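Student: Below you will find the structure I want to go over with you.
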Amino acid sequence: MDNPPVAPDIAQVLKHNRTLLYRHTAARLALAAGLFAVPFAAHTVGYDAALPAYGIPAAFFVLIFLALRLRHGSRLKVCGQVLRTYPLEYRTRVSKKGSEWKYLGTVHTVRLSLRGQHGAPSLRAVNASTVRGWPEEAEEGGAWFAGDPAFGGVMIVPGSNAMLFVQPAPWEKYEEERAQAGPQRTFLAEQAGISRLLEKEPNVMVAG
């Protein structure tokens, strides 16, 4: 693409994703509160069967799952650091290779490249606001990228304000490049908070 779209308003993108995160959190808290209230409401109307009592453990499950998502799946803070550290560059081609459902969010494997160029690294991308869906607008063209491919960064989809946090996949494949990156690249990665692997799935045991 010779003429890339207008660069996104960073403040607006961050605000949009922060709002989505707040909505997600509020909805899960409301669901947990409702589940906690079920056994008490049932008792009030004289329904003393065992089934409503399951609302309490279900509410705890919702809260634990929410805590895991907020701790491991929300990357708004580091995305803000990346966008303050690196300039946005337009990648003309976005290729999604697959998606995996994980506790931290749906993790997409993508390549961000320039048309006519090859060798773009595979990146693991997770929505910064914990939204699980893939932004369909990404299939229509390219995306804006800020960061360093060997360390990671931020992908912003034009026309949607969708923002995904990305890091190399597999991380170990680019260990040598990071070791030889030089002081300037290493300093910027540390300043942006991407000098280490952040996309880590929590170790959770779920009974089958």
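Just so we're on the same page: first chain in the structure tokens is A, next is B, and so on; residues restart at 1 for each chain, and ligands are numbered from 1 in the order they show up.
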Give me the residues near A:Pro87 as a PyMOL selection string, where near means some atom within 9 Å (using only C-alpha atoms) and where sequence neighbours in that chain fewer than 2 positions away do not count.

Tutor: chain A and resi 82-85+89+145-147

Student: Can you write out the residues you just picked, keeping N, CA, C and O atoms, as an mmCIF file, in the first residue's frame?

Tutor:
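As a result, out-v9.cif now contains:
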```
data_model
loop_
_atom_site.group_PDB
_atom_site.id
_atom_site.type_symbol
_atom_site.label_atom_id
_atom_site.label_comp_id
_atom_site.auth_asym_id
_atom_site.auth_seq_id
_atom_site.Cartn_x
_atom_site.Cartn_y
_atom_site.Cartn_z
ATOM 1 N N VAL A 82 4.865 0.862 25.588
ATOM 2 C CA VAL A 82 5.399 0.635 24.244
ATOM 3 C C VAL A 82 5.098 1.823 23.342
ATOM 4 O O VAL A 82 5.976 2.310 22.603
ATOM 5 N N LEU A 83 3.870 2.302 23.397
ATOM 6 C CA LEU A 83 3.459 3.391 22.511
ATOM 7 C C LEU A 83 4.135 4.715 22.873
ATOM 8 O O LEU A 83 4.236 5.604 22.026
ATOM 9 N N ARG A 84 4.587 4.836 24.110
ATOM 10 C CA ARG A 84 5.344 6.034 24.495
ATOM 11 C C ARG A 84 6.816 5.914 24.116
ATOM 12 O O ARG A 84 7.539 6.921 24.067
ATOM 13 N N THR A 85 7.268 4.692 23.859
ATOM 14 C CA THR A 85 8.697 4.452 23.597
ATOM 15 C C THR A 85 9.021 4.343 22.114
ATOM 16 O O THR A 85 10.059 4.842 21.662
ATOM 17 N N GLU A 89 4.637 2.288 13.034
ATOM 18 C CA GLU A 89 5.035 2.008 11.654
ATOM 19 C C GLU A 89 3.939 1.159 11.024
ATOM 20 O O GLU A 89 3.403 0.255 11.664
ATOM 21 N N PHE A 145 2.161 -0.928 13.797
ATOM 22 C CA PHE A 145 2.985 -1.662 14.754
ATOM 23 C C PHE A 145 3.943 -0.695 15.439
ATOM 24 O O PHE A 145 4.561 0.154 14.802
ATOM 25 N N ALA A 146 4.063 -0.843 16.746
ATOM 26 C CA ALA A 146 5.061 -0.106 17.520
ATOM 27 C C ALA A 146 5.817 -1.114 18.363
ATOM 28 O O ALA A 146 5.197 -1.931 19.062
ATOM 29 N N GLY A 147 7.123 -1.088 18.296
ATOM 30 C CA GLY A 147 7.908 -2.018 19.084
ATOM 31 C C GLY A 147 9.133 -2.510 18.347
ATOM 32 O O GLY A 147 9.607 -1.888 17.393
#
```

Student: Check stretch 118-160 of chain A with DSSP on the backbone and list each residue it calls strand (DSSP E), as a count of residues only.

Tutor: 17

Student: Mind dumping a table of every stretch 106-158 of chain A residue within 12 Å of stretch 176-191 of chain A, with the nearest atom pair and its distance in Å to one decimal, using only C-alpha atoms, sorted by chain and rising number, as a tab-separated table?

Tutor:
```
residue	atom	partner	partner_atom	distance
A:Pro121	CA	A:Glu177	CA	11.9
A:Ala146	CA	A:Ala189	CA	11.3
A:Gly147	CA	A:Ala189	CA	7.9
A:Asp148	CA	A:Ala189	CA	7.5
A:Pro149	CA	A:Arg178	CA	9.8
A:Ala150	CA	A:Arg178	CA	6.2
A:Phe151	CA	A:Ala189	CA	6.8
A:Gly152	CA	A:Ala189	CA	8.4
A:Gly153	CA	A:Ala189	CA	9.0
```

Student: When you draw a straight line from atom CA of A:Ala169 to atom CA of A:His118, how long is it in Å?

Tutor: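 It comes out at 16.6 Å.
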
Student: Can you list, as an MDAnalysis selection string, every protein, DNA or RNA residue that comes within 12 Å of A:Ile10 when you count only C-alpha atoms, leaving out same-chain residues fewer than 2 positions away?

Tutor: chainID A and resid 6:8 12:17 79:84 86:88 144:146 154:158 161:163

Student: Would you export the selected residues with C-alpha atoms as a tab-separated table (two decimals), in the first residue's frame, please?

Tutor:
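Writing the result to part_7.tsv gives the following:
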```tsv
chain	number	residue	atom	x	y	z
A	6	VAL	CA	-4.09	7.94	8.89
A	7	ALA	CA	-2.17	6.97	12.01
A	8	PRO	CA	-4.47	6.26	14.95
A	12	GLN	CA	-8.23	7.43	21.80
A	13	VAL	CA	-7.04	3.85	21.25
A	14	LEU	CA	-5.96	3.51	24.88
A	15	LYS	CA	-9.23	5.02	26.10
A	16	HIS	CA	-11.28	2.68	23.91
A	17	ASN	CA	-9.49	-0.42	25.17
A	79	CYS	CA	0.95	-1.27	25.66
A	80	GLY	CA	0.96	2.31	26.92
A	81	GLN	CA	4.67	2.04	27.70
A	82	VAL	CA	5.40	0.64	24.24
A	83	LEU	CA	3.46	3.39	22.51
A	84	ARG	CA	5.34	6.03	24.49
A	86	TYR	CA	8.40	3.42	19.94
A	87	PRO	CA	6.96	5.21	16.89
A	88	LEU	CA	4.09	3.66	14.95
A	144	TRP	CA	0.10	-0.26	12.72
A	145	PHE	CA	2.99	-1.66	14.75
A	146	ALA	CA	5.06	-0.11	17.52
A	154	VAL	CA	1.73	-3.34	19.96
A	155	MET	CA	-0.47	-3.94	16.93
A	156	ILE	CA	-3.31	-1.48	16.24
A	157	VAL	CA	-5.91	-2.29	13.60
A	158	PRO	CA	-7.00	0.73	11.49
A	161	ASN	CA	-9.17	0.92	17.69
A	162	ALA	CA	-8.48	-2.77	18.37
A	163	MET	CA	-5.10	-3.11	20.10
```

Student: Write out as a list in words each polymer residue whose atoms come within 8 Å of A:Lys97, counting only C-alpha atoms; drop sequence neighbours fewer than 3 positions from it.

Tutor: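 Residues near the query, excluding close chain neighbours: His108, Thr109, Val110 and Arg111 of chain A.
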
Student: Record the distance separating atom CA of A:Ser195 and atom CA of A:Tyr174, expressed in Å with one decimal.

Tutor: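 Computing the Euclidean distance for atom CA of A:Ser195 and atom CA of A:Tyr174 yields 11.8 Å.
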
Student: Can you tell me, as a list of chain:residue names, what residues are no more than 12 Å from A:Ala33 when counting only C-alpha atoms, ignoring any on the same chain fewer than 6 positions away?

Tutor: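 With the cut-off at 12 Å, the set is A:Ala26, A:Ala27, A:Pro39, A:Phe40, A:Gly55, A:Ile56, A:Pro57, A:Ala58, A:Ala59, A:Phe60, A:Phe61, A:Val62, A:Leu63.
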
Student: How many Å lie between atom CA of A:Arg69 and atom CA of A:Thr130, rounded to one decimal?

Tutor: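 These atoms are spaced 7.0 Å apart.
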
Student: Using only C-alpha atoms, find each residue of stretch 39-123 of chain A with at least one atom at most 6 Å away from an atom of stretch 133-143 of chain A; report its shortest atom-to-atom pair and that distance in Å (one decimal), sort the rows by chain and rising residue number, and return the result as a tab-separated table.

Tutor:
```
residue	atom	partner	partner_atom	distance
A:Tyr90	CA	A:Ala143	CA	5.9
A:Arg91	CA	A:Gly142	CA	5.4
A:Thr92	CA	A:Gly142	CA	4.1
A:Arg93	CA	A:Gly142	CA	4.5
A:Val94	CA	A:Gly142	CA	5.3
```

Student: Where does DSSP see helix (DSSP H, G or I) in stretch 126-168 of chain A, if you list the residues as a list in words?

Tutor: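 The helix (DSSP H, G or I) residues within stretch 126-168 of chain A come out as Glu136, Glu137, Ala138, Glu139 and Glu140 of chain A.
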
Student: Given the choices A:Arg115, A:Arg124, A:Arg75, A:Arg28, which gets closest to A:Glu100 if the distance is worked out from only C-alpha atoms?

Tutor: A:Arg124
